Amino acid sequence: MDLNAVRTFAAVAETGQFQEAAALLSVTQQAVSKRIAALEKTLGARLFIRTARGAQLSFDGQAFLPHARELLRVADRAVASVRPGSRALRVDVIGRRLAPAGLLRGFHRAHPGTELDVVTLFDAEAAIAAVRSGAVDASFRAVTVPARQLPDGVLATRVLDEPVQLLTGPDHPLADAGSVTPERLAGHRIWMPGLVAGSEWAAYYEEFAAAFGFGIEVTGPDFGTEPLLDTVAATPTLATLVGEGTSFVSPAGHGLRRIALARPTPVYPHCLLRRDDNPHPALAALRDFLESGLPGPLRAGGIWTPEWAR
């Protein structure tokens with residue numbers, strides 16, 4: 001159905017005059033007549049009765065009018081849903097409990113009037129494709145490929161270096177340490193069943209382990225955060241690695257310990273992925289918010305990142 005014709009029908013119904021409807025729509029009276037005739041042909045019904053005082057709705061016109069108005073409301077909402085500044089800013093984060101989600105919450109507190117649509121894609125490859133296609137406006141990810149290898153128009157800006165911490169139960173040999181060097185992880189069982197081969201986070205931790213001579217176990221199914229915490233808390237020989245900004249609630253009695261890694265401090269390099277031609281005004285505001293929080297943390301003994309992040 002031609003929405004211009006429906007809009008013209010609603011205008012004639014409102015004004016009662018073809019001439020006034022033409023003025024309201026900024027078209028000629030002839031154009032109004034042609035649109036109404038085409039709509040009547042499509043519907044197989046006469047919508048108006050011409051009288052000396054103008055155009056009066058027929059019985060069919062009266063029946064069609066509320067539906068026509070609803071069609072126009074839906075069309076207007078559809079246009080608004082994709083109009084920059086009217087629709088929500090759609091942002092991908094690696095996980096809703098991880099540091100990028102915290103950044104977004106901080107942005108929303110600073111810009112409470114900005115509507116956000118937060119999604120979680122699988123990995124950086126999926127996120128890059130979604131940014132390129134416009135399925136999302138932005139994504140927070142570690143990017144393992146050089147900028148020159150990103151698709152045309154896709155940019156990656158480093159926005160957060162998140163320190164990585166050791167997480168242990170209360171009976172682990174390192175539980176009472178204020179901080180440890182990454183070299184001290186050698187010989188300890190670091191369990192991370194959520195690492196997925198080929199993902200950007202697996203690439204980070206594989207290079208981290210290789211650089212400091214420790215191993216990471218990925219055996220066993222990944223049942224999620226809570227079972228992981230339960231197992232680490234109850235097993236003195238197990239530990240895991242988490243980002244400093246990772247949010248979780250430790251159940252009472254678990255006694256979990258978050259231990260800083262230092263000299264050097266390993267940091268996870270979060271980037272903001274976006275298209276350089278995305279006109280959404282909230283995306284510019286998000287970039288300004290993130291840039292106001294730079295630079296990253298300065299740590300005694302320096303920081304460590306993978307080769308691909310340097």
# chains A, B, ... in the order shown; residues from 1 in each chain; ligands from 1
call {"tool": "residues_around", "arguments": {"residues": "region 229-240 of chain A", "least_positions_apart": "3", "cutoff": "8 Å", "atoms": "only C-alpha atoms", "output": "PyMOL selection string"}}
result
chain A and resi 166-173+188-192+225-226+250+254-256
call {"tool": "closest_residue", "arguments": {"among": "A:His108, A:Arg53, A:Arg141, A:Arg158", "to": "Gln19 (chain A)", "atoms": "only C-alpha atoms"}}
result
A:Arg53
call {"tool": "residues_around", "arguments": {"residues": "Glu206 (chain A)", "least_positions_apart": "2", "cutoff": "10 Å", "atoms": "only C-alpha atoms", "output": "MDAnalysis selection string"}}
result
chainID A and resid 195 197 200:204 208:211 214:216 306
call {"tool": "write_last_selection", "arguments": {"atoms": "C-alpha atoms", "output": "PDB file, in the first residue's frame"}}
result
ATOM      1  CA  LEU A 195      38.497 -19.762  27.040  1.00  0.00           C
ATOM      2  CA  ALA A 197      40.015 -21.296  20.936  1.00  0.00           C
ATOM      3  CA  GLU A 200      40.433 -12.644  21.161  1.00  0.00           C
ATOM      4  CA  TRP A 201      40.353 -13.336  24.896  1.00  0.00           C
ATOM      5  CA  ALA A 202      41.919 -16.777  24.365  1.00  0.00           C
ATOM      6  CA  ALA A 203      44.640 -15.145  22.252  1.00  0.00           C
ATOM      7  CA  TYR A 204      45.372 -12.710  25.083  1.00  0.00           C
ATOM      8  CA  PHE A 208      50.209 -13.990  28.649  1.00  0.00           C
ATOM      9  CA  ALA A 209      50.860 -17.554  29.868  1.00  0.00           C
ATOM     10  CA  ALA A 210      53.616 -18.125  27.315  1.00  0.00           C
ATOM     11  CA  ALA A 211      55.354 -14.853  28.234  1.00  0.00           C
ATOM     12  CA  PHE A 214      52.763 -20.783  33.338  1.00  0.00           C
ATOM     13  CA  GLY A 215      49.998 -22.971  31.967  1.00  0.00           C
ATOM     14  CA  ILE A 216      46.250 -22.460  31.716  1.00  0.00           C
ATOM     15  CA  PRO A 306      50.511  -8.923  24.017  1.00  0.00           C
TER      16      PRO A 306
END
call {"tool": "residues_around", "arguments": {"residues": "Ala45 (chain A)", "least_positions_apart": "2", "cutoff": "12 Å", "atoms": "only C-alpha atoms", "output": "number ranges by chain"}}
result
A: 36-43, 47-49, 57-64
call {"tool": "residues_around", "arguments": {"residues": "Glu115 (chain A)", "least_positions_apart": "4", "cutoff": "12 Å", "atoms": "only C-alpha atoms", "output": "number ranges by chain"}}
result
A: 81, 84-91, 104-105, 107-109, 111, 280-283, 286
call {"tool": "residues_around", "arguments": {"residues": "Gly243 (chain A)", "least_positions_apart": "2", "cutoff": "12 Å", "atoms": "only C-alpha atoms", "output": "ChimeraX atom specification"}}
result
/A:95,97-100,102,160-167,201,205,240-241,245-248,258-261,265-270
call {"tool": "write_last_selection", "arguments": {"atoms": "N, CA, C and O atoms", "output": "tab-separated table (two decimals), in the first residue's frame"}}
result
chain	number	residue	atom	x	y	z
A	95	GLY	N	30.84	-8.95	27.69
A	95	GLY	CA	30.07	-9.59	28.75
A	95	GLY	C	29.45	-8.54	29.65
A	95	GLY	O	30.03	-7.46	29.84
A	97	ARG	N	29.06	-8.49	32.82
A	97	ARG	CA	29.69	-8.32	34.12
A	97	ARG	C	31.13	-7.83	34.00
A	97	ARG	O	31.83	-7.73	35.00
A	98	LEU	N	31.57	-7.58	32.79
A	98	LEU	CA	32.97	-7.23	32.56
A	98	LEU	C	33.14	-5.72	32.43
A	98	LEU	O	32.17	-4.96	32.38
A	99	ALA	N	34.40	-5.29	32.39
A	99	ALA	CA	34.72	-3.86	32.45
A	99	ALA	C	34.02	-3.00	31.40
A	99	ALA	O	33.57	-1.90	31.71
A	100	PRO	N	33.93	-3.44	30.12
A	100	PRO	CA	33.24	-2.58	29.13
A	100	PRO	C	31.80	-2.26	29.50
A	100	PRO	O	31.33	-1.15	29.26
A	102	GLY	N	30.78	-1.91	32.50
A	102	GLY	CA	30.91	-0.87	33.52
A	102	GLY	C	31.15	0.49	32.90
A	102	GLY	O	30.62	1.50	33.39
A	160	LEU	N	40.76	1.42	27.10
A	160	LEU	CA	40.93	0.97	28.48
A	160	LEU	C	41.97	-0.13	28.55
A	160	LEU	O	41.88	-1.12	27.83
A	161	ASP	N	42.97	0.05	29.43
A	161	ASP	CA	43.90	-1.01	29.78
A	161	ASP	C	43.48	-1.52	31.15
A	161	ASP	O	43.72	-0.86	32.17
A	162	GLU	N	42.84	-2.69	31.17
A	162	GLU	CA	42.29	-3.22	32.41
A	162	GLU	C	43.28	-4.19	33.06
A	162	GLU	O	43.60	-5.22	32.47
A	163	PRO	N	43.74	-3.91	34.27
A	163	PRO	CA	44.64	-4.83	34.95
A	163	PRO	C	43.97	-6.20	35.18
A	163	PRO	O	42.78	-6.29	35.47
A	164	VAL	N	44.76	-7.24	35.02
A	164	VAL	CA	44.30	-8.61	35.26
A	164	VAL	C	44.73	-9.03	36.66
A	164	VAL	O	45.84	-8.72	37.10
A	165	GLN	N	43.85	-9.71	37.38
A	165	GLN	CA	44.12	-10.13	38.75
A	165	GLN	C	44.04	-11.65	38.87
A	165	GLN	O	43.43	-12.33	38.05
A	166	LEU	N	44.66	-12.16	39.93
A	166	LEU	CA	44.57	-13.56	40.27
A	166	LEU	C	43.44	-13.74	41.27
A	166	LEU	O	43.33	-12.98	42.24
A	167	LEU	N	42.60	-14.72	41.08
A	167	LEU	CA	41.50	-15.01	41.98
A	167	LEU	C	41.71	-16.40	42.58
A	167	LEU	O	41.84	-17.39	41.85
A	201	TRP	N	39.96	-13.20	23.50
A	201	TRP	CA	40.35	-13.34	24.90
A	201	TRP	C	41.25	-14.56	25.09
A	201	TRP	O	42.17	-14.54	25.91
A	205	TYR	N	45.17	-14.51	26.72
A	205	TYR	CA	45.65	-15.31	27.84
A	205	TYR	C	46.69	-16.35	27.41
A	205	TYR	O	47.59	-16.70	28.18
A	240	THR	N	42.18	-18.74	39.24
A	240	THR	CA	41.78	-18.30	37.91
A	240	THR	C	42.20	-16.84	37.74
A	240	THR	O	42.69	-16.20	38.69
A	241	LEU	N	42.02	-16.32	36.55
A	241	LEU	CA	42.38	-14.93	36.25
A	241	LEU	C	41.12	-14.16	35.89
A	241	LEU	O	40.27	-14.65	35.15
A	245	GLY	N	37.99	-5.02	36.52
A	245	GLY	CA	36.65	-4.47	36.43
A	245	GLY	C	35.55	-5.51	36.37
A	245	GLY	O	34.37	-5.16	36.23
A	246	THR	N	35.90	-6.80	36.48
A	246	THR	CA	34.88	-7.85	36.46
A	246	THR	C	34.04	-7.78	37.73
A	246	THR	O	34.57	-7.73	38.84
A	247	SER	N	32.74	-7.80	37.55
A	247	SER	CA	31.82	-7.66	38.67
A	247	SER	C	31.19	-9.01	38.99
A	247	SER	O	30.63	-9.67	38.11
A	248	PHE	N	31.30	-9.44	40.24
A	248	PHE	CA	30.60	-10.63	40.69
A	248	PHE	C	30.42	-10.54	42.20
A	248	PHE	O	31.14	-9.81	42.88
A	258	ARG	N	41.06	-11.57	45.70
A	258	ARG	CA	41.52	-10.96	44.44
A	258	ARG	C	42.92	-10.41	44.69
A	258	ARG	O	43.10	-9.50	45.51
A	259	ILE	N	43.89	-10.92	43.98
A	259	ILE	CA	45.30	-10.59	44.23
A	259	ILE	C	45.86	-9.86	43.02
A	259	ILE	O	45.77	-10.34	41.88
A	260	ALA	N	46.44	-8.70	43.26
A	260	ALA	CA	47.00	-7.90	42.18
A	260	ALA	C	48.22	-8.59	41.58
A	260	ALA	O	49.00	-9.23	42.29
A	261	LEU	N	48.39	-8.46	40.28
A	261	LEU	CA	49.60	-8.91	39.60
A	261	LEU	C	50.41	-7.66	39.26
A	261	LEU	O	49.87	-6.68	38.74
A	265	THR	N	52.46	-5.27	35.46
A	265	THR	CA	51.02	-5.52	35.58
A	265	THR	C	50.47	-5.91	34.21
A	265	THR	O	50.55	-5.11	33.27
A	266	PRO	N	49.92	-7.11	34.08
A	266	PRO	CA	49.29	-7.46	32.80
A	266	PRO	C	47.97	-6.70	32.65
A	266	PRO	O	47.17	-6.66	33.58
A	267	VAL	N	47.78	-6.09	31.51
A	267	VAL	CA	46.53	-5.35	31.26
A	267	VAL	C	45.87	-5.87	30.00
A	267	VAL	O	46.54	-6.23	29.02
A	268	TYR	N	44.55	-5.93	30.05
A	268	TYR	CA	43.77	-6.38	28.90
A	268	TYR	C	43.39	-5.15	28.08
A	268	TYR	O	42.78	-4.21	28.61
A	269	PRO	N	43.74	-5.11	26.79
A	269	PRO	CA	43.56	-3.88	25.98
A	269	PRO	C	42.18	-3.80	25.32
A	269	PRO	O	41.97	-4.34	24.25
A	270	HIS	N	41.26	-3.11	25.95
A	270	HIS	CA	39.92	-2.93	25.37
A	270	HIS	C	39.95	-1.80	24.34
A	270	HIS	O	40.48	-0.71	24.61
call {"tool": "closest_residue", "arguments": {"among": "A:Val118, A:His67, A:Gly224, A:Phe9", "to": "Val136 (chain A)", "atoms": "only C-alpha atoms"}}
result
A:Val118
call {"tool": "residues_around", "arguments": {"residues": "Ala126 (chain A)", "least_positions_apart": "3", "cutoff": "12 Å", "atoms": "only C-alpha atoms", "output": "list in words"}}
result
Asp92, Val93, Ile94, Thr120, Leu121, Phe122, Asp123, Ala129, Ala130, Val131, Arg132, Ser133, Ala135, Val136, Ser139, Phe140, Arg141, Val143, Ser199, Glu200 and Leu273 of chain A
call {"tool": "write_last_selection", "arguments": {"atoms": "C-alpha atoms", "output": "JSON list (two decimals), in the first residue's frame"}}
result
[["chain", "number", "residue", "atom", "x", "y", "z"],
["A", 92, "ASP", "CA", 28.18, -4.66, 21.84],
["A", 93, "VAL", "CA", 30.08, -5.66, 24.97],
["A", 94, "ILE", "CA", 32.07, -8.83, 25.60],
["A", 120, "THR", "CA", 26.65, -9.38, 23.49],
["A", 121, "LEU", "CA", 28.15, -10.85, 20.34],
["A", 122, "PHE", "CA", 30.40, -13.90, 20.40],
["A", 123, "ASP", "CA", 33.85, -12.59, 19.50],
["A", 129, "ALA", "CA", 31.33, -7.65, 10.92],
["A", 130, "ALA", "CA", 28.41, -6.13, 12.86],
["A", 131, "VAL", "CA", 30.09, -2.72, 13.06],
["A", 132, "ARG", "CA", 30.91, -2.84, 9.36],
["A", 133, "SER", "CA", 27.32, -3.74, 8.38],
["A", 135, "ALA", "CA", 24.07, -3.94, 12.88],
["A", 136, "VAL", "CA", 25.72, -2.28, 15.90],
["A", 139, "SER", "CA", 31.71, -2.61, 20.13],
["A", 140, "PHE", "CA", 34.13, -2.95, 23.05],
["A", 141, "ARG", "CA", 36.71, -5.60, 22.14],
["A", 143, "VAL", "CA", 41.52, -6.40, 18.53],
["A", 199, "SER", "CA", 38.64, -15.87, 20.34],
["A", 200, "GLU", "CA", 40.43, -12.64, 21.16],
["A", 273, "LEU", "CA", 35.24, -0.38, 17.38]]
call {"tool": "decode", "arguments": {"residues": "region 256-306 of chain A", "atoms": "N, CA and C atoms", "output": "PDB file, in the first residue's frame"}}
result
ATOM      1  N   LEU A 256      36.851 -15.715  48.848  1.00  0.00           N
ATOM      2  CA  LEU A 256      37.653 -15.523  47.641  1.00  0.00           C
ATOM      3  C   LEU A 256      38.588 -14.328  47.788  1.00  0.00           C
ATOM      4  N   ARG A 257      39.775 -14.432  47.215  1.00  0.00           N
ATOM      5  CA  ARG A 257      40.780 -13.367  47.291  1.00  0.00           C
ATOM      6  C   ARG A 257      41.123 -12.881  45.877  1.00  0.00           C
ATOM      7  N   ARG A 258      41.062 -11.569  45.702  1.00  0.00           N
ATOM      8  CA  ARG A 258      41.516 -10.957  44.443  1.00  0.00           C
ATOM      9  C   ARG A 258      42.917 -10.405  44.694  1.00  0.00           C
ATOM     10  N   ILE A 259      43.895 -10.918  43.979  1.00  0.00           N
ATOM     11  CA  ILE A 259      45.299 -10.589  44.232  1.00  0.00           C
ATOM     12  C   ILE A 259      45.863  -9.857  43.017  1.00  0.00           C
ATOM     13  N   ALA A 260      46.439  -8.699  43.262  1.00  0.00           N
ATOM     14  CA  ALA A 260      46.996  -7.900  42.176  1.00  0.00           C
ATOM     15  C   ALA A 260      48.221  -8.591  41.584  1.00  0.00           C
ATOM     16  N   LEU A 261      48.394  -8.464  40.284  1.00  0.00           N
ATOM     17  CA  LEU A 261      49.596  -8.908  39.596  1.00  0.00           C
ATOM     18  C   LEU A 261      50.413  -7.663  39.260  1.00  0.00           C
ATOM     19  N   ALA A 262      51.699  -7.700  39.559  1.00  0.00           N
ATOM     20  CA  ALA A 262      52.514  -6.488  39.405  1.00  0.00           C
ATOM     21  C   ALA A 262      53.940  -6.842  38.991  1.00  0.00           C
ATOM     22  N   ARG A 263      54.598  -5.813  38.452  1.00  0.00           N
ATOM     23  CA  ARG A 263      56.013  -5.894  38.037  1.00  0.00           C
ATOM     24  C   ARG A 263      56.277  -7.026  37.049  1.00  0.00           C
ATOM     25  N   PRO A 264      55.712  -6.914  35.845  1.00  0.00           N
ATOM     26  CA  PRO A 264      54.787  -5.886  35.357  1.00  0.00           C
ATOM     27  C   PRO A 264      53.331  -6.271  35.620  1.00  0.00           C
ATOM     28  N   THR A 265      52.455  -5.272  35.460  1.00  0.00           N
ATOM     29  CA  THR A 265      51.020  -5.519  35.582  1.00  0.00           C
ATOM     30  C   THR A 265      50.466  -5.907  34.212  1.00  0.00           C
ATOM     31  N   PRO A 266      49.919  -7.107  34.079  1.00  0.00           N
ATOM     32  CA  PRO A 266      49.291  -7.456  32.801  1.00  0.00           C
ATOM     33  C   PRO A 266      47.974  -6.702  32.646  1.00  0.00           C
ATOM     34  N   VAL A 267      47.777  -6.087  31.507  1.00  0.00           N
ATOM     35  CA  VAL A 267      46.530  -5.350  31.264  1.00  0.00           C
ATOM     36  C   VAL A 267      45.870  -5.874  29.998  1.00  0.00           C
ATOM     37  N   TYR A 268      44.554  -5.935  30.049  1.00  0.00           N
ATOM     38  CA  TYR A 268      43.772  -6.380  28.897  1.00  0.00           C
ATOM     39  C   TYR A 268      43.394  -5.146  28.085  1.00  0.00           C
ATOM     40  N   PRO A 269      43.738  -5.108  26.785  1.00  0.00           N
ATOM     41  CA  PRO A 269      43.559  -3.885  25.982  1.00  0.00           C
ATOM     42  C   PRO A 269      42.184  -3.800  25.321  1.00  0.00           C
ATOM     43  N   HIS A 270      41.257  -3.110  25.950  1.00  0.00           N
ATOM     44  CA  HIS A 270      39.924  -2.928  25.367  1.00  0.00           C
ATOM     45  C   HIS A 270      39.947  -1.796  24.342  1.00  0.00           C
ATOM     46  N   CYS A 271      39.342  -2.036  23.190  1.00  0.00           N
ATOM     47  CA  CYS A 271      39.227  -1.017  22.141  1.00  0.00           C
ATOM     48  C   CYS A 271      37.754  -0.719  21.872  1.00  0.00           C
ATOM     49  N   LEU A 272      37.509   0.467  21.355  1.00  0.00           N
ATOM     50  CA  LEU A 272      36.182   0.823  20.868  1.00  0.00           C
ATOM     51  C   LEU A 272      36.204   0.691  19.353  1.00  0.00           C
ATOM     52  N   LEU A 273      35.383  -0.197  18.828  1.00  0.00           N
ATOM     53  CA  LEU A 273      35.241  -0.382  17.382  1.00  0.00           C
ATOM     54  C   LEU A 273      34.045   0.421  16.901  1.00  0.00           C
ATOM     55  N   ARG A 274      34.206   1.110  15.773  1.00  0.00           N
ATOM     56  CA  ARG A 274      33.113   1.907  15.225  1.00  0.00           C
ATOM     57  C   ARG A 274      33.397   2.180  13.754  1.00  0.00           C
ATOM     58  N   ARG A 275      32.389   2.580  13.021  1.00  0.00           N
ATOM     59  CA  ARG A 275      32.579   3.060  11.647  1.00  0.00           C
ATOM     60  C   ARG A 275      32.910   4.544  11.671  1.00  0.00           C
ATOM     61  N   ASP A 276      33.781   4.962  10.772  1.00  0.00           N
ATOM     62  CA  ASP A 276      34.171   6.374  10.762  1.00  0.00           C
ATOM     63  C   ASP A 276      33.088   7.272  10.191  1.00  0.00           C
ATOM     64  N   ASP A 277      32.055   6.692   9.539  1.00  0.00           N
ATOM     65  CA  ASP A 277      30.991   7.504   8.951  1.00  0.00           C
ATOM     66  C   ASP A 277      29.660   7.335   9.679  1.00  0.00           C
ATOM     67  N   ASN A 278      29.692   6.768  10.892  1.00  0.00           N
ATOM     68  CA  ASN A 278      28.448   6.597  11.654  1.00  0.00           C
ATOM     69  C   ASN A 278      28.015   7.956  12.209  1.00  0.00           C
ATOM     70  N   PRO A 279      26.798   8.447  11.835  1.00  0.00           N
ATOM     71  CA  PRO A 279      26.401   9.801  12.233  1.00  0.00           C
ATOM     72  C   PRO A 279      25.672   9.886  13.575  1.00  0.00           C
ATOM     73  N   HIS A 280      25.488   8.776  14.271  1.00  0.00           N
ATOM     74  CA  HIS A 280      24.696   8.825  15.506  1.00  0.00           C
ATOM     75  C   HIS A 280      25.358   9.775  16.509  1.00  0.00           C
ATOM     76  N   PRO A 281      24.648  10.821  16.948  1.00  0.00           N
ATOM     77  CA  PRO A 281      25.269  11.812  17.846  1.00  0.00           C
ATOM     78  C   PRO A 281      25.695  11.223  19.181  1.00  0.00           C
ATOM     79  N   ALA A 282      25.008  10.189  19.642  1.00  0.00           N
ATOM     80  CA  ALA A 282      25.391   9.587  20.920  1.00  0.00           C
ATOM     81  C   ALA A 282      26.720   8.854  20.824  1.00  0.00           C
ATOM     82  N   LEU A 283      27.104   8.428  19.617  1.00  0.00           N
ATOM     83  CA  LEU A 283      28.393   7.765  19.449  1.00  0.00           C
ATOM     84  C   LEU A 283      29.531   8.758  19.676  1.00  0.00           C
ATOM     85  N   ALA A 284      29.372   9.970  19.188  1.00  0.00           N
ATOM     86  CA  ALA A 284      30.373  11.004  19.445  1.00  0.00           C
ATOM     87  C   ALA A 284      30.467  11.310  20.933  1.00  0.00           C
ATOM     88  N   ALA A 285      29.313  11.349  21.600  1.00  0.00           N
ATOM     89  CA  ALA A 285      29.321  11.595  23.049  1.00  0.00           C
ATOM     90  C   ALA A 285      30.003  10.460  23.794  1.00  0.00           C
ATOM     91  N   LEU A 286      29.806   9.214  23.342  1.00  0.00           N
ATOM     92  CA  LEU A 286      30.465   8.067  23.966  1.00  0.00           C
ATOM     93  C   LEU A 286      31.972   8.161  23.781  1.00  0.00           C
ATOM     94  N   ARG A 287      32.412   8.526  22.613  1.00  0.00           N
ATOM     95  CA  ARG A 287      33.857   8.678  22.362  1.00  0.00           C
ATOM     96  C   ARG A 287      34.443   9.751  23.265  1.00  0.00           C
ATOM     97  N   ASP A 288      33.759  10.888  23.381  1.00  0.00           N
ATOM     98  CA  ASP A 288      34.251  11.971  24.247  1.00  0.00           C
ATOM     99  C   ASP A 288      34.335  11.505  25.699  1.00  0.00           C
ATOM    100  N   PHE A 289      33.332  10.746  26.143  1.00  0.00           N
ATOM    101  CA  PHE A 289      33.325  10.243  27.516  1.00  0.00           C
ATOM    102  C   PHE A 289      34.503   9.315  27.754  1.00  0.00           C
ATOM    103  N   LEU A 290      34.761   8.423  26.821  1.00  0.00           N
ATOM    104  CA  LEU A 290      35.857   7.467  26.984  1.00  0.00           C
ATOM    105  C   LEU A 290      37.210   8.164  26.950  1.00  0.00           C
ATOM    106  N   GLU A 291      37.367   9.126  26.051  1.00  0.00           N
ATOM    107  CA  GLU A 291      38.643   9.831  25.942  1.00  0.00           C
ATOM    108  C   GLU A 291      38.934  10.665  27.173  1.00  0.00           C
ATOM    109  N   SER A 292      37.885  11.112  27.862  1.00  0.00           N
ATOM    110  CA  SER A 292      38.096  11.906  29.075  1.00  0.00           C
ATOM    111  C   SER A 292      38.652  11.049  30.199  1.00  0.00           C
ATOM    112  N   GLY A 293      38.515   9.704  30.073  1.00  0.00           N
ATOM    113  CA  GLY A 293      39.018   8.808  31.102  1.00  0.00           C
ATOM    114  C   GLY A 293      40.424   8.316  30.856  1.00  0.00           C
ATOM    115  N   LEU A 294      40.995   8.622  29.713  1.00  0.00           N
ATOM    116  CA  LEU A 294      42.365   8.221  29.412  1.00  0.00           C
ATOM    117  C   LEU A 294      43.334   9.175  30.097  1.00  0.00           C
ATOM    118  N   PRO A 295      44.591   8.792  30.337  1.00  0.00           N
ATOM    119  CA  PRO A 295      45.238   7.540  29.952  1.00  0.00           C
ATOM    120  C   PRO A 295      44.926   6.423  30.926  1.00  0.00           C
ATOM    121  N   GLY A 296      45.450   5.232  30.609  1.00  0.00           N
ATOM    122  CA  GLY A 296      45.238   4.059  31.435  1.00  0.00           C
ATOM    123  C   GLY A 296      46.040   4.124  32.722  1.00  0.00           C
ATOM    124  N   PRO A 297      45.924   3.079  33.534  1.00  0.00           N
ATOM    125  CA  PRO A 297      46.589   3.089  34.838  1.00  0.00           C
ATOM    126  C   PRO A 297      48.113   3.061  34.714  1.00  0.00           C
ATOM    127  N   LEU A 298      48.761   3.858  35.561  1.00  0.00           N
ATOM    128  CA  LEU A 298      50.219   3.812  35.658  1.00  0.00           C
ATOM    129  C   LEU A 298      50.562   2.881  36.810  1.00  0.00           C
ATOM    130  N   ARG A 299      51.372   1.878  36.562  1.00  0.00           N
ATOM    131  CA  ARG A 299      51.679   0.869  37.550  1.00  0.00           C
ATOM    132  C   ARG A 299      53.187   0.777  37.765  1.00  0.00           C
ATOM    133  N   ALA A 300      53.575   0.671  39.026  1.00  0.00           N
ATOM    134  CA  ALA A 300      54.990   0.473  39.337  1.00  0.00           C
ATOM    135  C   ALA A 300      55.457  -0.815  38.676  1.00  0.00           C
ATOM    136  N   GLY A 301      56.596  -0.748  38.016  1.00  0.00           N
ATOM    137  CA  GLY A 301      57.095  -1.928  37.327  1.00  0.00           C
ATOM    138  C   GLY A 301      56.593  -2.055  35.913  1.00  0.00           C
ATOM    139  N   GLY A 302      55.772  -1.099  35.466  1.00  0.00           N
ATOM    140  CA  GLY A 302      55.304  -1.107  34.087  1.00  0.00           C
ATOM    141  C   GLY A 302      54.128  -2.038  33.865  1.00  0.00           C
ATOM    142  N   ILE A 303      53.686  -2.104  32.616  1.00  0.00           N
ATOM    143  CA  ILE A 303      52.568  -2.963  32.240  1.00  0.00           C
ATOM    144  C   ILE A 303      53.020  -3.927  31.152  1.00  0.00           C
ATOM    145  N   TRP A 304      52.245  -4.993  31.011  1.00  0.00           N
ATOM    146  CA  TRP A 304      52.485  -5.961  29.932  1.00  0.00           C
ATOM    147  C   TRP A 304      51.215  -6.106  29.116  1.00  0.00           C
ATOM    148  N   THR A 305      51.382  -6.101  27.799  1.00  0.00           N
ATOM    149  CA  THR A 305      50.300  -6.417  26.862  1.00  0.00           C
ATOM    150  C   THR A 305      50.859  -7.353  25.795  1.00  0.00           C
ATOM    151  N   PRO A 306      50.015  -8.061  25.092  1.00  0.00           N
ATOM    152  CA  PRO A 306      50.511  -8.923  24.017  1.00  0.00           C
ATOM    153  C   PRO A 306      51.183  -8.109  22.904  1.00  0.00           C
TER     154      PRO A 306
END
